[in-house]
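Visitor: To be precise about what I am sending: the file is called my_file.pdb and holds PDB, C-alpha atoms and all ligand atoms.
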ATOM      1  CA  MET A  26     -23.014   9.946 -21.995  1.00  0.00           C
ATOM      2  CA  ILE A  27     -25.788   7.383 -22.444  1.00  0.00           C
ATOM      3  CA  THR A  28     -26.352   5.438 -25.660  1.00  0.00           C
ATOM      4  CA  LEU A  29     -29.164   2.949 -26.233  1.00  0.00           C
ATOM      5  CA  TYR A  30     -28.498   0.310 -28.896  1.00  0.00           C
ATOM      6  CA  HIS A  31     -31.826  -0.583 -30.406  1.00  0.00           C
ATOM      7  CA  SER A  32     -33.294  -2.536 -33.295  1.00  0.00           C
ATOM      8  CA  PRO A  33     -36.856  -1.819 -34.435  1.00  0.00           C
ATOM      9  CA  GLU A  34     -39.617  -4.319 -33.621  1.00  0.00           C
ATOM     10  CA  SER A  35     -37.534  -6.278 -31.172  1.00  0.00           C
ATOM     11  CA  ARG A  36     -37.188  -6.617 -27.399  1.00  0.00           C
ATOM     12  CA  SER A  37     -35.490  -3.213 -27.333  1.00  0.00           C
ATOM     13  CA  SER A  38     -38.747  -1.587 -28.506  1.00  0.00           C
ATOM     14  CA  ALA A  39     -39.953  -1.842 -24.891  1.00  0.00           C
ATOM     15  CA  ILE A  40     -36.988   0.313 -23.858  1.00  0.00           C
ATOM     16  CA  LEU A  41     -37.787   2.810 -26.595  1.00  0.00           C
ATOM     17  CA  THR A  42     -41.326   2.982 -25.209  1.00  0.00           C
ATOM     18  CA  LEU A  43     -39.873   3.542 -21.742  1.00  0.00           C
ATOM     19  CA  VAL A  44     -37.678   6.376 -23.054  1.00  0.00           C
ATOM     20  CA  GLU A  45     -40.791   7.931 -24.614  1.00  0.00           C
ATOM     21  CA  GLU A  46     -42.834   7.493 -21.404  1.00  0.00           C
ATOM     22  CA  MET A  47     -39.990   9.084 -19.395  1.00  0.00           C
ATOM     23  CA  GLY A  48     -39.584  11.958 -21.860  1.00  0.00           C
ATOM     24  CA  ILE A  49     -35.791  11.504 -21.975  1.00  0.00           C
ATOM     25  CA  ALA A  50     -35.293  11.032 -25.727  1.00  0.00           C
ATOM     26  CA  ASP A  51     -33.270  14.269 -25.807  1.00  0.00           C
ATOM     27  CA  ARG A  52     -31.003  13.100 -22.954  1.00  0.00           C
ATOM     28  CA  ILE A  53     -29.752   9.880 -24.510  1.00  0.00           C
ATOM     29  CA  THR A  54     -28.434   8.843 -27.903  1.00  0.00           C
ATOM     30  CA  ILE A  55     -30.422   6.139 -29.652  1.00  0.00           C
ATOM     31  CA  ARG A  56     -28.322   4.123 -32.039  1.00  0.00           C
ATOM     32  CA  GLN A  57     -30.032   1.731 -34.417  1.00  0.00           C
ATOM     33  CA  VAL A  58     -28.218  -1.566 -35.068  1.00  0.00           C
ATOM     34  CA  THR A  59     -29.054  -4.727 -36.960  1.00  0.00           C
ATOM     35  CA  ILE A  60     -29.642  -8.147 -35.392  1.00  0.00           C
ATOM     36  CA  PRO A  61     -30.139 -11.557 -36.986  1.00  0.00           C
ATOM     37  CA  ARG A  62     -33.887 -12.027 -37.528  1.00  0.00           C
ATOM     38  CA  MET A  63     -35.832 -15.299 -37.446  1.00  0.00           C
ATOM     39  CA  ASP A  64     -36.613 -14.979 -41.177  1.00  0.00           C
ATOM     40  CA  GLY A  65     -32.885 -15.007 -42.004  1.00  0.00           C
ATOM     41  CA  SER A  66     -32.623 -11.271 -42.632  1.00  0.00           C
ATOM     42  CA  GLY A  67     -30.343  -8.895 -40.742  1.00  0.00           C
ATOM     43  CA  GLY A  68     -27.157  -9.954 -38.996  1.00  0.00           C
ATOM     44  CA  ARG A  69     -24.926  -9.153 -36.067  1.00  0.00           C
ATOM     45  CA  ASP A  70     -23.874  -5.522 -36.092  1.00  0.00           C
ATOM     46  CA  PRO A  71     -20.205  -4.855 -35.284  1.00  0.00           C
ATOM     47  CA  ALA A  72     -21.271  -1.461 -33.895  1.00  0.00           C
ATOM     48  CA  ASN A  73     -23.332  -3.140 -31.166  1.00  0.00           C
ATOM     49  CA  PRO A  74     -21.347  -3.506 -27.907  1.00  0.00           C
ATOM     50  CA  HIS A  75     -23.699  -6.177 -26.453  1.00  0.00           C
ATOM     51  CA  PRO A  76     -21.453  -9.212 -25.734  1.00  0.00           C
ATOM     52  CA  GLU A  77     -23.812 -11.468 -27.728  1.00  0.00           C
ATOM     53  CA  GLY A  78     -24.777  -8.883 -30.350  1.00  0.00           C
ATOM     54  CA  LYS A  79     -28.310  -8.617 -28.953  1.00  0.00           C
ATOM     55  CA  VAL A  80     -30.533  -5.643 -28.169  1.00  0.00           C
ATOM     56  CA  PRO A  81     -31.101  -3.752 -26.042  1.00  0.00           C
ATOM     57  CA  ALA A  82     -27.690  -2.675 -24.802  1.00  0.00           C
ATOM     58  CA  LEU A  83     -27.160   0.513 -22.835  1.00  0.00           C
ATOM     59  CA  ASP A  84     -23.773   2.214 -22.747  1.00  0.00           C
ATOM     60  CA  VAL A  85     -23.445   4.466 -19.695  1.00  0.00           C
ATOM     61  CA  ASP A  86     -20.100   6.257 -19.853  1.00  0.00           C
ATOM     62  CA  GLY A  87     -18.435   3.144 -21.274  1.00  0.00           C
ATOM     63  CA  THR A  88     -20.126   0.549 -19.049  1.00  0.00           C
ATOM     64  CA  ILE A  89     -22.384  -1.811 -21.000  1.00  0.00           C
ATOM     65  CA  ILE A  90     -25.693  -2.771 -19.395  1.00  0.00           C
ATOM     66  CA  THR A  91     -27.759  -5.615 -20.852  1.00  0.00           C
ATOM     67  CA  GLU A  92     -31.048  -7.360 -19.966  1.00  0.00           C
ATOM     68  CA  ARG A  93     -34.132  -5.186 -20.094  1.00  0.00           C
ATOM     69  CA  GLY A  94     -34.779  -5.442 -16.363  1.00  0.00           C
ATOM     70  CA  ALA A  95     -31.312  -4.035 -15.678  1.00  0.00           C
ATOM     71  CA  VAL A  96     -31.627  -1.382 -18.396  1.00  0.00           C
ATOM     72  CA  ILE A  97     -34.938  -0.275 -16.848  1.00  0.00           C
ATOM     73  CA  MET A  98     -33.468  -0.160 -13.344  1.00  0.00           C
ATOM     74  CA  VAL A  99     -30.538   1.933 -14.550  1.00  0.00           C
ATOM     75  CA  LEU A 100     -32.631   4.405 -16.566  1.00  0.00           C
ATOM     76  CA  THR A 101     -35.249   4.877 -13.831  1.00  0.00           C
ATOM     77  CA  THR A 102     -32.440   5.355 -11.293  1.00  0.00           C
ATOM     78  CA  LEU A 103     -30.550   7.866 -13.452  1.00  0.00           C
ATOM     79  CA  PHE A 104     -33.747   9.825 -14.161  1.00  0.00           C
ATOM     80  CA  PRO A 105     -35.692   9.422 -10.889  1.00  0.00           C
ATOM     81  CA  ASP A 106     -38.041  12.346 -11.491  1.00  0.00           C
ATOM     82  CA  THR A 107     -39.661  10.895 -14.583  1.00  0.00           C
ATOM     83  CA  GLY A 108     -42.316   9.001 -12.611  1.00  0.00           C
ATOM     84  CA  LEU A 109     -41.807   5.539 -14.056  1.00  0.00           C
ATOM     85  CA  SER A 110     -40.638   3.903 -10.822  1.00  0.00           C
ATOM     86  CA  PRO A 111     -41.230   4.358  -7.094  1.00  0.00           C
ATOM     87  CA  ALA A 112     -38.577   6.235  -5.103  1.00  0.00           C
ATOM     88  CA  ILE A 113     -35.405   4.173  -4.729  1.00  0.00           C
ATOM     89  CA  GLY A 114     -35.112   2.364  -1.415  1.00  0.00           C
ATOM     90  CA  THR A 115     -38.825   2.471  -0.557  1.00  0.00           C
ATOM     91  CA  PRO A 116     -40.832  -0.742  -0.047  1.00  0.00           C
ATOM     92  CA  GLU A 117     -42.697   0.055  -3.296  1.00  0.00           C
ATOM     93  CA  TRP A 118     -39.369   0.176  -5.106  1.00  0.00           C
ATOM     94  CA  GLY A 119     -38.686  -3.314  -3.740  1.00  0.00           C
ATOM     95  CA  ALA A 120     -41.951  -4.467  -5.309  1.00  0.00           C
ATOM     96  CA  PHE A 121     -40.959  -2.747  -8.564  1.00  0.00           C
ATOM     97  CA  VAL A 122     -37.571  -4.491  -8.654  1.00  0.00           C
ATOM     98  CA  THR A 123     -39.310  -7.779  -7.856  1.00  0.00           C
ATOM     99  CA  TRP A 124     -41.510  -7.436 -10.948  1.00  0.00           C
ATOM    100  CA  LEU A 125     -38.501  -6.657 -13.164  1.00  0.00           C
ATOM    101  CA  THR A 126     -36.364  -9.534 -11.925  1.00  0.00           C
ATOM    102  CA  TRP A 127     -39.302 -11.983 -11.787  1.00  0.00           C
ATOM    103  CA  TYR A 128     -39.955 -11.108 -15.419  1.00  0.00           C
ATOM    104  CA  GLN A 129     -36.346 -11.809 -16.465  1.00  0.00           C
ATOM    105  CA  GLY A 130     -35.876 -14.863 -14.267  1.00  0.00           C
ATOM    106  CA  VAL A 131     -39.280 -16.504 -14.640  1.00  0.00           C
ATOM    107  CA  VAL A 132     -41.798 -15.025 -17.092  1.00  0.00           C
ATOM    108  CA  GLU A 133     -39.587 -14.894 -20.161  1.00  0.00           C
ATOM    109  CA  PRO A 134     -38.332 -18.500 -19.772  1.00  0.00           C
ATOM    110  CA  VAL A 135     -41.896 -19.718 -19.071  1.00  0.00           C
ATOM    111  CA  VAL A 136     -43.289 -17.962 -22.165  1.00  0.00           C
ATOM    112  CA  ILE A 137     -40.448 -19.273 -24.356  1.00  0.00           C
ATOM    113  CA  PHE A 138     -40.765 -22.871 -23.090  1.00  0.00           C
ATOM    114  CA  GLN A 139     -44.530 -22.661 -23.565  1.00  0.00           C
ATOM    115  CA  GLY A 140     -44.105 -21.378 -27.150  1.00  0.00           C
ATOM    116  CA  ALA A 141     -41.546 -24.072 -27.916  1.00  0.00           C
ATOM    117  CA  GLY A 142     -43.801 -26.769 -26.403  1.00  0.00           C
ATOM    118  CA  ILE A 143     -41.115 -27.890 -23.949  1.00  0.00           C
ATOM    119  CA  GLU A 144     -41.929 -29.395 -20.552  1.00  0.00           C
ATOM    120  CA  HIS A 145     -39.581 -30.991 -18.029  1.00  0.00           C
ATOM    121  CA  PRO A 146     -39.782 -31.543 -14.256  1.00  0.00           C
ATOM    122  CA  TRP A 147     -36.611 -29.483 -13.768  1.00  0.00           C
ATOM    123  CA  LEU A 148     -38.189 -26.560 -15.616  1.00  0.00           C
ATOM    124  CA  THR A 149     -41.368 -26.801 -13.539  1.00  0.00           C
ATOM    125  CA  ALA A 150     -39.379 -27.043 -10.315  1.00  0.00           C
ATOM    126  CA  THR A 151     -37.308 -23.999 -11.228  1.00  0.00           C
ATOM    127  CA  PHE A 152     -39.745 -21.700 -12.988  1.00  0.00           C
ATOM    128  CA  ARG A 153     -43.221 -23.155 -12.319  1.00  0.00           C
ATOM    129  CA  GLY A 154     -45.353 -22.484 -15.406  1.00  0.00           C
ATOM    130  CA  PRO A 155     -47.973 -20.385 -17.222  1.00  0.00           C
ATOM    131  CA  LYS A 156     -50.643 -21.119 -14.576  1.00  0.00           C
ATOM    132  CA  GLU A 157     -48.480 -19.761 -11.767  1.00  0.00           C
ATOM    133  CA  VAL A 158     -47.452 -16.723 -13.841  1.00  0.00           C
ATOM    134  CA  ALA A 159     -51.124 -15.969 -14.535  1.00  0.00           C
ATOM    135  CA  ALA A 160     -52.022 -16.378 -10.842  1.00  0.00           C
ATOM    136  CA  ARG A 161     -49.369 -13.879  -9.786  1.00  0.00           C
ATOM    137  CA  LEU A 162     -50.451 -11.344 -12.391  1.00  0.00           C
ATOM    138  CA  ARG A 163     -54.109 -11.777 -11.410  1.00  0.00           C
ATOM    139  CA  ALA A 164     -53.333 -11.287  -7.710  1.00  0.00           C
ATOM    140  CA  ALA A 165     -51.663  -7.943  -8.511  1.00  0.00           C
ATOM    141  CA  LEU A 166     -54.257  -6.764 -11.016  1.00  0.00           C
ATOM    142  CA  GLU A 167     -57.128  -7.488  -8.633  1.00  0.00           C
ATOM    143  CA  LYS A 168     -55.755  -4.623  -6.531  1.00  0.00           C
ATOM    144  CA  GLY A 169     -55.242  -2.033  -9.209  1.00  0.00           C
ATOM    145  CA  PRO A 170     -55.217  -1.344 -12.898  1.00  0.00           C
ATOM    146  CA  TRP A 171     -51.413  -1.674 -12.899  1.00  0.00           C
ATOM    147  CA  LEU A 172     -48.913  -4.095 -11.350  1.00  0.00           C
ATOM    148  CA  LEU A 173     -48.084  -1.582  -8.611  1.00  0.00           C
ATOM    149  CA  GLY A 174     -51.739  -0.761  -7.986  1.00  0.00           C
ATOM    150  CA  ASP A 175     -52.830   2.746  -8.957  1.00  0.00           C
ATOM    151  CA  ARG A 176     -49.555   3.746 -10.502  1.00  0.00           C
ATOM    152  CA  PHE A 177     -48.368   2.801 -13.980  1.00  0.00           C
ATOM    153  CA  SER A 178     -44.656   1.963 -13.971  1.00  0.00           C
ATOM    154  CA  ALA A 179     -41.869   0.616 -16.130  1.00  0.00           C
ATOM    155  CA  ALA A 180     -42.718  -2.821 -14.690  1.00  0.00           C
ATOM    156  CA  ASP A 181     -45.947  -2.790 -16.709  1.00  0.00           C
ATOM    157  CA  ILE A 182     -43.964  -1.979 -19.864  1.00  0.00           C
ATOM    158  CA  LEU A 183     -41.652  -4.955 -19.364  1.00  0.00           C
ATOM    159  CA  VAL A 184     -44.004  -7.589 -17.981  1.00  0.00           C
ATOM    160  CA  HIS A 185     -46.804  -7.114 -20.530  1.00  0.00           C
ATOM    161  CA  SER A 186     -44.352  -7.106 -23.467  1.00  0.00           C
ATOM    162  CA  PRO A 187     -44.336 -10.826 -24.413  1.00  0.00           C
ATOM    163  CA  TYR A 188     -48.129 -10.821 -24.512  1.00  0.00           C
ATOM    164  CA  ALA A 189     -48.159  -7.828 -26.852  1.00  0.00           C
ATOM    165  CA  TRP A 190     -45.851  -9.708 -29.257  1.00  0.00           C
ATOM    166  CA  PHE A 191     -47.405 -13.156 -28.828  1.00  0.00           C
ATOM    167  CA  PRO A 192     -51.106 -12.634 -27.998  1.00  0.00           C
ATOM    168  CA  GLU A 193     -51.635 -16.413 -28.026  1.00  0.00           C
ATOM    169  CA  ALA A 194     -49.404 -16.670 -24.926  1.00  0.00           C
ATOM    170  CA  THR A 195     -51.642 -14.279 -22.961  1.00  0.00           C
ATOM    171  CA  PRO A 196     -53.390 -16.030 -20.063  1.00  0.00           C
ATOM    172  CA  ASP A 197     -57.088 -16.522 -20.755  1.00  0.00           C
ATOM    173  CA  ASP A 198     -58.179 -14.155 -18.012  1.00  0.00           C
ATOM    174  CA  PRO A 199     -60.090 -10.925 -18.744  1.00  0.00           C
ATOM    175  CA  LEU A 200     -58.266  -9.091 -15.956  1.00  0.00           C
ATOM    176  CA  ILE A 201     -54.899  -9.865 -17.561  1.00  0.00           C
ATOM    177  CA  ARG A 202     -56.080  -9.357 -21.136  1.00  0.00           C
ATOM    178  CA  ASP A 203     -57.532  -5.934 -20.255  1.00  0.00           C
ATOM    179  CA  TRP A 204     -54.261  -4.924 -18.575  1.00  0.00           C
ATOM    180  CA  VAL A 205     -52.314  -5.961 -21.699  1.00  0.00           C
ATOM    181  CA  GLU A 206     -54.693  -3.862 -23.809  1.00  0.00           C
ATOM    182  CA  ARG A 207     -54.288  -0.873 -21.433  1.00  0.00           C
ATOM    183  CA  CYS A 208     -50.501  -1.145 -21.750  1.00  0.00           C
ATOM    184  CA  LYS A 209     -50.683  -1.459 -25.536  1.00  0.00           C
ATOM    185  CA  ALA A 210     -52.999   1.539 -25.862  1.00  0.00           C
ATOM    186  CA  ARG A 211     -50.736   3.993 -24.047  1.00  0.00           C
ATOM    187  CA  PRO A 212     -49.855   6.976 -26.263  1.00  0.00           C
ATOM    188  CA  ALA A 213     -46.085   6.538 -25.724  1.00  0.00           C
ATOM    189  CA  ARG A 214     -46.242   2.976 -27.060  1.00  0.00           C
ATOM    190  CA  GLN A 215     -48.395   4.077 -29.983  1.00  0.00           C
ATOM    191  CA  ARG A 216     -45.858   6.792 -30.848  1.00  0.00           C
ATOM    192  CA  THR A 217     -42.998   4.264 -30.647  1.00  0.00           C
ATOM    193  CA  LEU A 218     -44.813   1.786 -32.911  1.00  0.00           C
ATOM    194  CA  ALA A 219     -45.678   4.529 -35.407  1.00  0.00           C
ATOM    195  CA  ALA A 220     -42.055   5.719 -35.522  1.00  0.00           C
ATOM    196  CA  GLU A 221     -40.825   2.157 -36.090  1.00  0.00           C
ATOM    197  CA  ALA A 222     -43.395   1.576 -38.851  1.00  0.00           C
ATOM    198  CA  ALA A 223     -42.312   4.839 -40.529  1.00  0.00           C
ATOM    199  CA  GLN A 224     -38.656   3.743 -40.381  1.00  0.00           C
ATOM    200  CA  ARG A 225     -39.553   0.389 -41.928  1.00  0.00           C
ATOM    201  CA  ALA A 226     -41.447   2.098 -44.749  1.00  0.00           C
ATOM    202  CA  ALA A 227     -38.615   4.579 -45.443  1.00  0.00           C
TER     203      ALA A 227
HETATM  204  N1  LIG B 301     -32.887 -11.384 -22.053  1.00  0.00           N
HETATM  205  C1  LIG B 301     -32.563 -10.335 -22.987  1.00  0.00           C
HETATM  206  C2  LIG B 301     -32.934 -10.838 -24.379  1.00  0.00           C
HETATM  207  C3  LIG B 301     -32.353  -9.981 -25.471  1.00  0.00           C
HETATM  208  C4  LIG B 301     -32.701 -10.589 -26.827  1.00  0.00           C
HETATM  209  O1  LIG B 301     -32.804 -11.823 -26.974  1.00  0.00           O
HETATM  210  N2  LIG B 301     -32.849  -9.720 -27.829  1.00  0.00           N
HETATM  211  C5  LIG B 301     -33.162 -10.182 -29.174  1.00  0.00           C
HETATM  212  C6  LIG B 301     -34.092  -9.179 -29.835  1.00  0.00           C
HETATM  213  S1  LIG B 301     -35.766  -9.668 -29.812  1.00  0.00           S
HETATM  214  C7  LIG B 301     -31.896 -10.156 -30.003  1.00  0.00           C
HETATM  215  O2  LIG B 301     -31.152  -9.211 -29.924  1.00  0.00           O
HETATM  216  N3  LIG B 301     -31.664 -11.186 -30.818  1.00  0.00           N
HETATM  217  C8  LIG B 301     -30.564 -11.211 -31.712  1.00  0.00           C
HETATM  218  C9  LIG B 301     -29.721 -12.445 -31.591  1.00  0.00           C
HETATM  219  O3  LIG B 301     -30.208 -13.442 -31.054  1.00  0.00           O
HETATM  220  O4  LIG B 301     -28.575 -12.407 -32.045  1.00  0.00           O
HETATM  221  C10 LIG B 301     -33.357  -9.067 -22.625  1.00  0.00           C
HETATM  222  O5  LIG B 301     -34.470  -9.173 -22.098  1.00  0.00           O
HETATM  223  O6  LIG B 301     -32.826  -7.959 -22.821  1.00  0.00           O
END
Go ahead and express the file in the form of structure tokens.

Guide:
Amino acid sequence: MITLYHSPESRSSAILTLVEEMGIADRITIRQVTIPRMDGSGGRDPANPHPEGKVPALDVDGTIITERGAVIMVLTTLFPDTGLSPAIGTPEWGAFVTWLTWYQGVVEPVVIFQGAGIEHPWLTATFRGPKEVAARLRAALEKGPWLLGDRFSAADILVHSPYAWFPEATPDDPLIRDWVERCKARPARQRTLAAEAAQRAA
């Protein structure tokens, strides 16, 4: 049994979009939980099994998976015929996993440090910075409309996500901005956003 712990308009929304893209909403349970929000609303939900009370968390038969890159790897592995990742073990799958782990290990820290206005030689040595992130995205997008070239994948869902939330962090490069807009315009994401807006209004 697979349960996704989700909170609307949060990092777990990317996983909800993935579920919609994969067409597996009927194969997993989606459980809405609360999280503490920046405006002081919400709070940690005792029903959420994430060790830090964050979202997303994925419960697969009692094992808790956290970090969106890992959640994406697990879901695309469990449902390999849904077309959101290359076949496991192929070189293309290696590239796919690289995008997911580069996002978690580099892009998210870089975007957060940039937003917080923090610079330090240790951070630059470890993560590089926004310029290097932009260069790597550009190099990929010069070859195709998506990070893996011609094929849209779950890597696009994850890697574009901070730029959808914080447009001001998006590199000033038309190739990257257009890719972010392509990701945002996908029908599955639009359906996810509409469902979340409806829940908020209810
Ligand atoms: N690195 C984690 C980050 C998870 C995360 O920070 N989630 C936020 C939602 S935007 C959260 O649950 N915050 C609640 C809290 O800090 O307690 C991932 O990518 O899955």

Visitor: How would you write, as a PyMOL selection string, the residues chosen by the PyMOL selection byres (((not hetatm)) within 7 of (chain B and resi 301)) on this structure?

Guide: chain A and resi 35-37+60-62+69+77-81+91-94+129

Visitor: Axis-aligned box over every listed atom of range 96-101 of chain A, padded by 6 Å per side: centre and edges in Å to one decimal, as AutoDock Vina command-line options?

Guide:
--center_x -32.9 --center_y 1.7 --center_z -15.9 --size_x 16.7 --size_y 18.3 --size_z 17.1

Visitor: Convert the output of the PyMOL selection byres (((chain A and resi 162-179) around 7) and not hetatm) on the shown file into explicit residues, formatted as a tab-separated table (two decimals) with C-alpha atoms, in the frame of the given file.

Guide:
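So the final result, stored in expr02.tsv, reads:
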chain	number	residue	atom	x	y	z
A	43	LEU	CA	-39.87	3.54	-21.74
A	109	LEU	CA	-41.81	5.54	-14.06
A	110	SER	CA	-40.64	3.90	-10.82
A	158	VAL	CA	-47.45	-16.72	-13.84
A	159	ALA	CA	-51.12	-15.97	-14.54
A	160	ALA	CA	-52.02	-16.38	-10.84
A	161	ARG	CA	-49.37	-13.88	-9.79
A	180	ALA	CA	-42.72	-2.82	-14.69
A	181	ASP	CA	-45.95	-2.79	-16.71
A	182	ILE	CA	-43.96	-1.98	-19.86
A	183	LEU	CA	-41.65	-4.96	-19.36
A	200	LEU	CA	-58.27	-9.09	-15.96
A	201	ILE	CA	-54.90	-9.86	-17.56
A	204	TRP	CA	-54.26	-4.92	-18.58

Visitor: What do you get, as a list of chain:residue names, if you spell out every residue that the PyMOL selection byres (((chain A and resi 215) around 12) and not hetatm) selects here?

Guide: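 Applying the expression gives A:Ser38, A:Ala39, A:Leu41, A:Thr42, A:Leu43, A:Glu45, A:Glu46, A:Glu206, A:Arg207, A:Cys208, A:Lys209, A:Ala210, A:Arg211, A:Pro212, A:Ala213, A:Arg214, A:Arg216, A:Thr217, A:Leu218, A:Ala219, A:Ala220, A:Glu221, A:Ala222.
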
Visitor: I'd like the interatomic distance between CA of Ile113 in chain A and CA of Thr101 in chain A, to a tenth of an Å.

Guide: 9.1 Å

Visitor: Around the point (-44.9, -21.7, -28.6) in the file's coordinates, collect all residues with an atom within 12 Å, using all atoms listed in the file, and return them as JSON, numbers by chain.

Guide: {"A": [134, 135, 136, 137, 138, 139, 140, 141, 142, 143, 144, 155, 187, 191, 192, 193, 194, 195]}

Visitor: What is the distance, in Å and to one decimal place, between CA of Gln57 in chain A and CA of Ser32 in chain A?

Guide: 5.5 Å

Visitor: Which distance in Å separates CA of Trp118 in chain A and CA of Asp203 in chain A, to one decimal?

Guide: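 Going from CA of Trp118 in chain A over to CA of Asp203 in chain A covers 24.4 Å.
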
Visitor: For Val184 in chain A, list every protein, DNA or RNA residue within 8 Å, evaluated using all atoms listed in the file, and leave out those in the same chain fewer than 6 positions away; present the list as a list in words.

Guide: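 The residues that qualify are Trp124, Leu125, Tyr128 and Val132 of chain A.
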
Visitor: Starting from the point (-41.1, -18.4, -11.8), work out which residues of protein, DNA or RNA have an atom no more than 7 Å away when counting all atoms listed in the file; state them as a list in words.

Guide: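 I get Trp127, Gly130, Val131, Val132, Thr151, Phe152, Arg153, Gly154 and Val158 of chain A for the residues within 7 Å of that point.
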
Visitor: List the spatial neighbours of Thr28 in chain A as a PyMOL selection string - criterion: any atom at most 9 Å away, only C-alpha atoms, same-chain residues fewer than 4 positions off excluded.

Guide: chain A and resi 53-56+82-86

Visitor: Taking only C-alpha atoms into account, name the residue in A:Met63, A:Val205, A:Ile49, A:Ala120 that is nearest to Trp190 in chain A.

Guide: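 Of the candidates, the smallest distance to Trp190 in chain A is held by A:Val205.
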
Visitor: Restricting the calculation to only C-alpha atoms: of A:Ala226, A:Pro33, A:Arg202, A:Phe121, which residue gets closest to Gly67 in chain A?

Guide: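 Among the listed residues, the smallest separation from Gly67 in chain A belongs to A:Pro33.
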
Visitor: Of the residues A:Ala150, A:Leu103, A:Leu29, A:Ala112, which is the one nearest to His75 in chain A, using all atoms listed in the file?

Guide: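 That would be A:Leu29, the residue with the smallest distance to His75 in chain A.
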
Visitor: A:Pro196, A:Pro71, A:Thr115, A:Gly87: which is nearest Glu157 in chain A, counting only C-alpha atoms?

Guide: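 Answer, going by the shortest atom-to-atom distance: A:Pro196.
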
Visitor: For Asn73 in chain A, which of A:Tyr30, A:Thr88, A:Pro111, A:Ala50 is the closest residue, counting all atoms listed in the file?

Guide: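 Going through A:Tyr30, A:Thr88, A:Pro111, A:Ala50 one by one, the smallest distance to Asn73 in chain A is for A:Tyr30.
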